[in-house]
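Notes to accompany the following structure.
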Amino acid sequence: MAEASASRPASTILLLRDGAAAKEIEVFMMVRHHQIEFNSGALVFPGGSVDAGDQEIVKRSDLYSGGEGLSEADRGFRIAAIRETFEESGILLARSKDSGMPVDARRAGEIADAHRVALNEHKISFLSILADNELQLALDTLVPYAHWITPEGMPKRFDTWFFLAAAPPDQLGAHDGRESTDSIWVSPREAVEGGESGRFKLPFPTTRNLIRLAKQGSVSAALEHALGMSVVTVMPVMTKTETGRQLRIPREAGYDGEVFEVGAIG
């Protein structure tokens, strides 16, 4: 019997802004490049694996704020989430070390223009960017929202924390053209409807979190709801059926159900 593959720590951020429509929020999402090995072509939130560079930043408490009371592992998840979001969208959740003020859209754009390509090409470290620009990552802007672990038996497995964060004012985000080929601000309702119609390809955890998020009518309401939640870890149990696959998740995780039909095996 083959040994189960270990799950890699990963993070993702649901960046939120209040939508133009009344009582509707929007979330930043990207289309994964078709040549990417995992979730190719899918509409996803920015995010990715926790890497060694993130662990180096964990050890440098001068490079982040708002990490009080968090374990080293928790800080690593949040640092990775902010780094991946910057790499993939150019949106930067950070503060000036001197003033403690959030980085504004103009400054974030300058830093992205100067360093984002080199960072994605591994020619510069995120640690260096933060130190050289006298920045501190704003770990306290992230609110834990969900924790999903890829089912056992899958060839590539992730242990992923989902965080909510209010998008900084006027930081609109743009896909990187490498890992992602398109980006949109979209209401959770529209994204889910797009998944149902075939307009979007949505991974199962993404769909469930969008459905839950669609119940909130504003960014402040979504963040308040998340702050009041207890996050239940979800590792779906997959069963093959005559029509495809069935996933079972804990009812107490708050996804309006326990057993979900997820279509044909492809």
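Just remember, in the structure tokens the first chain shown is A, the second B, etc., residues are 1-based per chain, and ligands are 1-based in the order shown.
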
* To do: as an MDAnalysis selection string, please: all residues of range 8-87 of chain A that backbone DSSP puts in strand (DSSP E).
  => chainID A and resid 8:18 25:32 43:44 47:49 64:65

Those same residues - N, CA and C atoms - I'd like them written as a tab-separated table (two decimals), in the first residue's frame.
chain	number	residue	atom	x	y	z
A	8	ARG	N	1.61	19.94	2.53
A	8	ARG	CA	2.50	21.09	2.63
A	8	ARG	C	1.75	22.27	3.22
A	9	PRO	N	2.35	22.99	4.18
A	9	PRO	CA	1.70	24.19	4.72
A	9	PRO	C	1.50	25.23	3.63
A	10	ALA	N	0.32	25.83	3.58
A	10	ALA	CA	0.00	26.83	2.56
A	10	ALA	C	-0.99	27.83	3.14
A	11	SER	N	-1.09	28.98	2.48
A	11	SER	CA	-1.98	30.05	2.93
A	11	SER	C	-2.64	30.71	1.73
A	12	THR	N	-3.81	31.26	1.98
A	12	THR	CA	-4.50	32.03	0.95
A	12	THR	C	-5.28	33.17	1.61
A	13	ILE	N	-5.44	34.27	0.87
A	13	ILE	CA	-6.17	35.43	1.42
A	13	ILE	C	-7.38	35.75	0.56
A	14	LEU	N	-8.51	35.94	1.21
A	14	LEU	CA	-9.70	36.46	0.56
A	14	LEU	C	-9.69	37.97	0.78
A	15	LEU	N	-9.18	38.71	-0.21
A	15	LEU	CA	-9.10	40.17	-0.13
A	15	LEU	C	-10.48	40.75	-0.45
A	16	LEU	N	-11.01	41.56	0.44
A	16	LEU	CA	-12.38	42.02	0.32
A	16	LEU	C	-12.46	43.54	0.14
A	17	ARG	N	-13.47	43.96	-0.60
A	17	ARG	CA	-13.85	45.37	-0.65
A	17	ARG	C	-15.37	45.44	-0.78
A	18	ASP	N	-15.94	46.55	-0.35
A	18	ASP	CA	-17.38	46.72	-0.50
A	18	ASP	C	-17.71	46.94	-1.96
A	25	ILE	N	-20.46	42.32	-1.21
A	25	ILE	CA	-19.01	42.55	-1.18
A	25	ILE	C	-18.38	41.95	-2.42
A	26	GLU	N	-17.13	42.31	-2.65
A	26	GLU	CA	-16.36	41.76	-3.76
A	26	GLU	C	-15.06	41.18	-3.21
A	27	VAL	N	-14.59	40.13	-3.87
A	27	VAL	CA	-13.35	39.46	-3.47
A	27	VAL	C	-12.43	39.39	-4.68
A	28	PHE	N	-11.13	39.53	-4.43
A	28	PHE	CA	-10.14	39.49	-5.51
A	28	PHE	C	-9.81	38.04	-5.83
A	29	MET	N	-9.94	37.67	-7.13
A	29	MET	CA	-9.66	36.30	-7.54
A	29	MET	C	-8.88	36.30	-8.84
A	30	MET	N	-8.16	35.20	-9.08
A	30	MET	CA	-7.30	35.08	-10.24
A	30	MET	C	-7.53	33.74	-10.93
A	31	VAL	N	-7.26	33.72	-12.23
A	31	VAL	CA	-7.33	32.48	-13.00
A	31	VAL	C	-5.93	31.87	-13.06
A	32	ARG	N	-5.80	30.67	-12.54
A	32	ARG	CA	-4.50	29.99	-12.54
A	32	ARG	C	-4.07	29.66	-13.97
A	43	LEU	N	-10.33	29.39	-11.02
A	43	LEU	CA	-10.47	30.71	-10.40
A	43	LEU	C	-10.23	30.54	-8.91
A	44	VAL	N	-9.21	31.21	-8.40
A	44	VAL	CA	-8.78	30.99	-7.02
A	44	VAL	C	-8.45	32.32	-6.33
A	47	GLY	N	-2.53	32.96	-3.18
A	47	GLY	CA	-1.96	32.18	-2.09
A	47	GLY	C	-0.97	31.15	-2.60
A	48	GLY	N	-0.38	30.39	-1.68
A	48	GLY	CA	0.58	29.37	-2.05
A	48	GLY	C	1.27	28.80	-0.82
A	49	SER	N	2.31	28.04	-1.05
A	49	SER	CA	3.00	27.32	0.02
A	49	SER	C	3.82	28.24	0.92
A	64	TYR	N	7.73	42.53	10.99
A	64	TYR	CA	6.28	42.41	11.01
A	64	TYR	C	5.74	42.98	12.31
A	65	SER	N	4.45	43.32	12.29
A	65	SER	CA	3.77	43.79	13.49
A	65	SER	C	2.45	43.05	13.59

* Asked: Please, which residues of range 57-217 of chain A, numbered as in this document, come out alpha helix (DSSP H) from DSSP, as a ChimeraX atom specification?
  -> /A:57-58,72-89,105-120,126-132,188-197,204-213

* Coordinates-based distance that separates CA of Val143 in chain A from CA of Ala81 in chain A (Å, one decimal) -> 11.4 Å

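Straight-line separation from CA of Ser96 in chain A to CA of Trp161 in chain A: 26.0 Å.
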
* To do: Check the smallest atom-to-atom distance from each of A:Leu139, A:Ala6, A:Val103, A:Leu223 to Gly69 in chain A using only C-alpha atoms, then report the winner.
  => A:Leu139
